[in-house]
Amino acid sequence: PSTRIFTQGEEGHELFIVGQGQVDITITDTNKTANKTEQFLCNKNKGDFFGETAVLSSQTNYARAASATTTDHTTLLSVTRAKFQKYLTSIETSLAQNITNIMGERMTHYLKKIDFLGGLDEWKLQLLGNLFRFQTKEGGQLIFEEGDRGRQLFVISKGNVGISVKDEDGNVIKLSNLNEGDYFGEIALMVDMPRTATVSANERCLL
C-alpha cells in the first residue's frame, strides 16, 4: 500500500534504509500557486538509503527537499540525527570515513562540472566532495550579498538561484539564474576579495 514517509518541506531528523519493498522519491515545484503536481525523481529499493541529508546537514532544522512514499509493502530501517552523530563520534575512524565517502561520491559528478576542478582525478574529486556540507535556503532568502567577504563555494544540488548586482545609482540589475549542477562563489576560493554579486534563492534550494 502507498504510505507517505515524509513530505517535502517537513523538518527532517532521520535517515532511512529500505529493508524490503520500494519507495518513490518525488519533488513539488514550490513556486507554483495552483495545480501543484509531484515530479518523480527516482525509486529506492532494497539496500538503498534516503533522507541522509537530514542527519548530515549542519542545520538542526533541516527541511526535507523531497517527499518519500512507499509503493508496496515496505520495511524500513531508520536512525535519528542525534543517534547518527553520536555514533560517528564513537566508531573507528576508518568506518566513519567510509560513510563520509558515500556522500563524497554523490558530490563528485557535480564537481566535474566546475571548470578549474574538471582535470582532477576521480579520487581527488571524491576527497573534495567529502568537505561539502548541505544546507537549505527558502525561496527569496539571501545566500550572500555583493560586498560581503567570500568564504565558500556553493554547488546547487536542487533548486534555482538568481545572480544580481547594483549599478552606481543603487539599482538592482539581474544577471542570470543558475540551476541544479551549477556552482557559484568560486572566486572566494582563489582570491581574498569581497563578493562581486548578490545571490538569492528563487525557490527552495538544497546547496
# chains A, B, ... in the order shown; residues from 1 in each chain; ligands from 1
>>> residues_around(residues="region 66-70 of chain A", least_positions_apart="5", cutoff="9 Å", atoms="only C-alpha atoms", output="list in words")
Pro1, Ser2, Thr3, Arg4, Ile5, Phe6, Thr7, Gln8, Gly9, Glu10, Gly21, Gln22, Val23, Asp24, Ile25, Thr26, Ile27, Thr28, Glu38, Leu41, Phe50 and Gly51 of chain A
>>> write_last_selection(atoms="C-alpha atoms", output="PDB file, in the first residue's frame")
ATOM      1  CA  PRO A   1       0.000   0.000   0.000  1.00  0.00           C
ATOM      2  CA  SER A   2       1.019   3.591  -0.603  1.00  0.00           C
ATOM      3  CA  THR A   3       2.131   5.307   2.618  1.00  0.00           C
ATOM      4  CA  ARG A   4       3.788   8.701   2.969  1.00  0.00           C
ATOM      5  CA  ILE A   5       7.075   8.519   4.876  1.00  0.00           C
ATOM      6  CA  PHE A   6       7.818  12.230   4.838  1.00  0.00           C
ATOM      7  CA  THR A   7       6.757  15.270   2.830  1.00  0.00           C
ATOM      8  CA  GLN A   8       8.835  17.956   1.156  1.00  0.00           C
ATOM      9  CA  GLY A   9       9.273  20.915   3.491  1.00  0.00           C
ATOM     10  CA  GLU A  10       8.884  18.942   6.705  1.00  0.00           C
ATOM     11  CA  GLY A  21       9.878  -3.079  -0.844  1.00  0.00           C
ATOM     12  CA  GLN A  22      10.149   0.136  -2.813  1.00  0.00           C
ATOM     13  CA  VAL A  23       9.977   3.874  -2.121  1.00  0.00           C
ATOM     14  CA  ASP A  24       9.266   6.669  -4.622  1.00  0.00           C
ATOM     15  CA  ILE A  25      11.112   9.967  -4.216  1.00  0.00           C
ATOM     16  CA  THR A  26       9.222  12.971  -5.635  1.00  0.00           C
ATOM     17  CA  ILE A  27       9.532  16.755  -5.606  1.00  0.00           C
ATOM     18  CA  THR A  28       6.974  19.559  -5.922  1.00  0.00           C
ATOM     19  CA  GLU A  38       4.708  15.945  -7.750  1.00  0.00           C
ATOM     20  CA  LEU A  41      12.799  11.672  -9.201  1.00  0.00           C
ATOM     21  CA  PHE A  50      17.442   8.114   1.540  1.00  0.00           C
ATOM     22  CA  GLY A  51      16.879  11.138   3.759  1.00  0.00           C
TER      23      GLY A  51
END
>>> residues_around(residues="Glu186 (chain A)", least_positions_apart="3", cutoff="8 Å", atoms="only C-alpha atoms", output="MDAnalysis selection string")
chainID A and resid 152:154 183 189:190
>>> write_last_selection(atoms="all heavy atoms", output="compact mmCIF listing (two decimals), in the first residue's frame")
# COMPACT_ATOMS: atom_id res chain seq x y z
N GLN A 152 33.05 30.78 0.87
CA GLN A 152 32.57 29.47 0.45
C GLN A 152 32.28 29.41 -1.04
O GLN A 152 31.90 30.41 -1.66
CB GLN A 152 31.26 29.14 1.20
CG GLN A 152 31.38 28.97 2.69
CD GLN A 152 30.02 28.89 3.35
OE1 GLN A 152 29.28 29.88 3.39
NE2 GLN A 152 29.67 27.72 3.86
N LEU A 153 32.44 28.21 -1.58
CA LEU A 153 31.95 27.85 -2.91
C LEU A 153 30.65 27.09 -2.72
O LEU A 153 30.55 26.25 -1.82
CB LEU A 153 32.97 26.96 -3.63
CG LEU A 153 32.47 26.12 -4.81
CD1 LEU A 153 32.16 27.01 -6.00
CD2 LEU A 153 33.51 25.06 -5.19
N PHE A 154 29.65 27.37 -3.55
CA PHE A 154 28.36 26.69 -3.46
C PHE A 154 28.09 25.89 -4.73
O PHE A 154 28.40 26.35 -5.84
CB PHE A 154 27.22 27.71 -3.28
CG PHE A 154 27.26 28.46 -1.97
CD1 PHE A 154 28.03 29.60 -1.85
CD2 PHE A 154 26.54 28.00 -0.88
CE1 PHE A 154 28.06 30.30 -0.65
CE2 PHE A 154 26.58 28.69 0.32
CZ PHE A 154 27.34 29.85 0.44
N TYR A 183 27.35 26.06 -10.18
CA TYR A 183 28.08 26.47 -8.99
C TYR A 183 28.28 27.98 -9.00
O TYR A 183 28.18 28.64 -10.04
CB TYR A 183 29.43 25.75 -8.91
CG TYR A 183 30.36 26.03 -10.08
CD1 TYR A 183 31.30 27.06 -10.01
CD2 TYR A 183 30.30 25.28 -11.25
CE1 TYR A 183 32.15 27.33 -11.08
CE2 TYR A 183 31.14 25.54 -12.32
CZ TYR A 183 32.07 26.56 -12.23
OH TYR A 183 32.90 26.83 -13.29
N LEU A 189 37.42 31.03 -3.27
CA LEU A 189 38.43 30.01 -3.03
C LEU A 189 39.79 30.40 -3.57
O LEU A 189 40.81 29.84 -3.17
CB LEU A 189 38.00 28.69 -3.68
CG LEU A 189 36.70 28.05 -3.18
CD1 LEU A 189 36.51 26.69 -3.85
CD2 LEU A 189 36.70 27.91 -1.67
N MET A 190 39.81 31.36 -4.49
CA MET A 190 41.06 31.69 -5.18
C MET A 190 41.62 33.05 -4.79
O MET A 190 42.83 33.26 -4.81
CB MET A 190 40.83 31.62 -6.69
CG MET A 190 40.41 30.25 -7.19
SD MET A 190 40.12 30.19 -8.97
CE MET A 190 38.50 30.99 -9.07
>>> residues_around(residues="Glu138 (chain A)", least_positions_apart="5", cutoff="8 Å", atoms="only C-alpha atoms", output="ChimeraX atom specification")
/A:201-205
>>> residues_around(residues="Val172 (chain A)", least_positions_apart="2", cutoff="12 Å", atoms="only C-alpha atoms", output="JSON, numbers by chain")
{"A": [145, 146, 162, 163, 164, 165, 166, 167, 168, 169, 170, 174, 175, 197, 198, 199]}
>>> residues_around(residues="Thr136 (chain A)", least_positions_apart="2", cutoff="12 Å", atoms="only C-alpha atoms", output="NGL selection string")
:A and (9 or 11-12 or 53-54 or 57-66 or 133-134 or 138-139 or 141-143 or 154-161 or 200-201 or 203-207)
>>> write_last_selection(atoms="N, CA, C and O atoms", output="compact mmCIF listing (two decimals), in the first residue's frame")
# COMPACT_ATOMS: atom_id res chain seq x y z
N GLY A 9 9.49 19.76 2.64
CA GLY A 9 9.27 20.92 3.49
C GLY A 9 9.20 20.60 4.97
O GLY A 9 9.39 21.49 5.81
N GLU A 11 10.36 19.20 8.60
CA GLU A 11 11.65 19.15 9.28
C GLU A 11 12.11 17.69 9.36
O GLU A 11 11.35 16.81 9.76
N GLY A 12 13.34 17.44 8.93
CA GLY A 12 13.84 16.07 8.87
C GLY A 12 14.84 15.76 9.97
O GLY A 12 15.72 16.56 10.27
N THR A 53 20.49 13.58 4.10
CA THR A 53 20.87 14.97 4.33
C THR A 53 20.39 15.45 5.71
O THR A 53 21.02 16.30 6.34
N ALA A 54 19.30 14.88 6.20
CA ALA A 54 18.74 15.30 7.50
C ALA A 54 19.70 14.99 8.65
O ALA A 54 19.70 15.69 9.66
N SER A 57 23.35 17.22 7.54
CA SER A 57 23.29 18.67 7.41
C SER A 57 23.77 19.36 8.68
O SER A 57 23.54 18.88 9.79
N SER A 58 24.41 20.52 8.50
CA SER A 58 24.85 21.32 9.65
C SER A 58 23.67 22.07 10.28
O SER A 58 23.80 22.64 11.35
N GLN A 59 22.52 22.07 9.60
CA GLN A 59 21.34 22.76 10.10
C GLN A 59 20.51 21.83 10.98
O GLN A 59 20.16 20.72 10.58
N THR A 60 20.18 22.28 12.19
CA THR A 60 19.38 21.45 13.09
C THR A 60 17.92 21.42 12.69
O THR A 60 17.19 20.50 13.06
N ASN A 61 17.47 22.42 11.93
CA ASN A 61 16.07 22.48 11.50
C ASN A 61 15.97 22.24 9.99
O ASN A 61 15.21 22.91 9.29
N TYR A 62 16.75 21.29 9.48
CA TYR A 62 16.78 20.99 8.05
C TYR A 62 15.39 20.60 7.54
O TYR A 62 14.70 19.76 8.13
N ALA A 63 14.96 21.22 6.45
CA ALA A 63 13.66 20.91 5.83
C ALA A 63 13.86 19.93 4.68
O ALA A 63 14.76 20.11 3.85
N ARG A 64 13.03 18.90 4.63
CA ARG A 64 13.14 17.89 3.57
C ARG A 64 13.05 18.55 2.20
O ARG A 64 12.16 19.36 1.94
N ALA A 65 13.95 18.16 1.29
CA ALA A 65 13.99 18.73 -0.05
C ALA A 65 13.10 17.96 -1.02
O ALA A 65 12.88 18.39 -2.15
N ALA A 66 12.57 16.82 -0.60
CA ALA A 66 11.71 16.00 -1.46
C ALA A 66 10.76 15.19 -0.57
O ALA A 66 10.86 15.22 0.66
N ARG A 133 29.12 20.43 2.96
CA ARG A 133 28.04 20.24 3.92
C ARG A 133 26.76 20.81 3.34
O ARG A 133 26.78 21.90 2.75
N PHE A 134 25.67 20.09 3.46
CA PHE A 134 24.40 20.52 2.87
C PHE A 134 23.74 21.60 3.71
O PHE A 134 23.83 21.61 4.93
N GLU A 138 15.30 28.95 1.60
CA GLU A 138 13.93 29.12 1.14
C GLU A 138 13.88 30.12 -0.01
O GLU A 138 14.80 30.92 -0.20
N GLY A 139 12.80 30.07 -0.80
CA GLY A 139 12.63 31.00 -1.90
C GLY A 139 12.67 32.44 -1.40
O GLY A 139 11.98 32.79 -0.44
N GLN A 141 15.27 33.85 -0.04
CA GLN A 141 16.28 34.01 1.01
C GLN A 141 17.63 34.38 0.41
O GLN A 141 18.08 33.82 -0.58
N LEU A 142 18.30 35.33 1.05
CA LEU A 142 19.62 35.78 0.61
C LEU A 142 20.68 34.73 0.95
O LEU A 142 20.70 34.20 2.07
N ILE A 143 21.54 34.42 -0.01
CA ILE A 143 22.65 33.48 0.23
C ILE A 143 23.91 34.27 0.57
O ILE A 143 24.57 34.00 1.56
N PHE A 154 29.65 27.37 -3.55
CA PHE A 154 28.36 26.69 -3.46
C PHE A 154 28.09 25.89 -4.73
O PHE A 154 28.40 26.35 -5.84
N VAL A 155 27.50 24.72 -4.57
CA VAL A 155 27.03 23.89 -5.68
C VAL A 155 25.54 23.64 -5.47
O VAL A 155 25.13 23.30 -4.36
N ILE A 156 24.75 23.83 -6.52
CA ILE A 156 23.30 23.66 -6.39
C ILE A 156 22.95 22.19 -6.59
O ILE A 156 23.11 21.64 -7.68
N SER A 157 22.48 21.56 -5.52
CA SER A 157 22.03 20.17 -5.61
C SER A 157 20.59 20.10 -6.11
O SER A 157 20.23 19.25 -6.91
N LYS A 158 19.76 21.02 -5.62
CA LYS A 158 18.37 21.14 -6.08
C LYS A 158 17.96 22.60 -5.99
O LYS A 158 18.37 23.30 -5.07
N GLY A 159 17.16 23.05 -6.96
CA GLY A 159 16.62 24.41 -6.89
C GLY A 159 17.22 25.35 -7.92
O GLY A 159 17.87 24.93 -8.87
N ASN A 160 17.01 26.64 -7.69
CA ASN A 160 17.38 27.68 -8.65
C ASN A 160 17.71 28.95 -7.88
O ASN A 160 17.00 29.32 -6.95
N VAL A 161 18.80 29.62 -8.27
CA VAL A 161 19.19 30.87 -7.61
C VAL A 161 19.33 31.98 -8.65
O VAL A 161 19.53 31.73 -9.84
N SER A 200 20.57 35.09 -4.45
CA SER A 200 19.40 34.76 -3.65
C SER A 200 18.71 33.53 -4.21
O SER A 200 18.76 33.28 -5.43
N ALA A 201 18.06 32.77 -3.36
CA ALA A 201 17.32 31.59 -3.80
C ALA A 201 16.01 32.02 -4.46
O ALA A 201 15.26 32.81 -3.89
N GLU A 203 13.77 29.74 -5.27
CA GLU A 203 12.85 28.74 -4.74
C GLU A 203 13.58 27.98 -3.66
O GLU A 203 14.75 28.28 -3.36
N ARG A 204 12.92 27.02 -3.03
CA ARG A 204 13.61 26.23 -2.03
C ARG A 204 14.81 25.54 -2.68
O ARG A 204 14.67 24.85 -3.71
N CYS A 205 15.98 25.70 -2.10
CA CYS A 205 17.21 25.15 -2.67
C CYS A 205 17.93 24.26 -1.66
O CYS A 205 17.92 24.53 -0.46
N LEU A 206 18.56 23.22 -2.20
CA LEU A 206 19.49 22.41 -1.43
C LEU A 206 20.87 22.69 -1.99
O LEU A 206 21.14 22.44 -3.16
N LEU A 207 21.74 23.25 -1.15
CA LEU A 207 23.07 23.67 -1.59
C LEU A 207 24.14 22.86 -0.88
O LEU A 207 23.97 22.47 0.27
>>> closest_residue(among="A:Cys42, A:Leu15, A:Leu128, A:Leu111", to="Ala82 (chain A)", atoms="only C-alpha atoms")
A:Leu15
>>> atom_distance(atom1="CA of Gly181 (chain A)", atom2="CA of Lys124 (chain A)")
18.6 Å
>>> atom_distance(atom1="CA of Asp148 (chain A)", atom2="CA of Thr108 (chain A)")
28.0 Å
>>> residues_around(residues="His13 (chain A)", least_positions_apart="5", cutoff="7 Å", atoms="only C-alpha atoms", output="PyMOL selection string")
chain A and resi 54-55+80-81
>>> atom_distance(atom1="CA of Asp48 (chain A)", atom2="CA of Thr75 (chain A)")
11.9 Å
>>> residues_around(residues="Met193 (chain A)", least_positions_apart="5", cutoff="10 Å", atoms="only C-alpha atoms", output="list in words")
Gly147, Asp148, Arg149, Gly150, Arg151, Ile187 and Ala188 of chain A
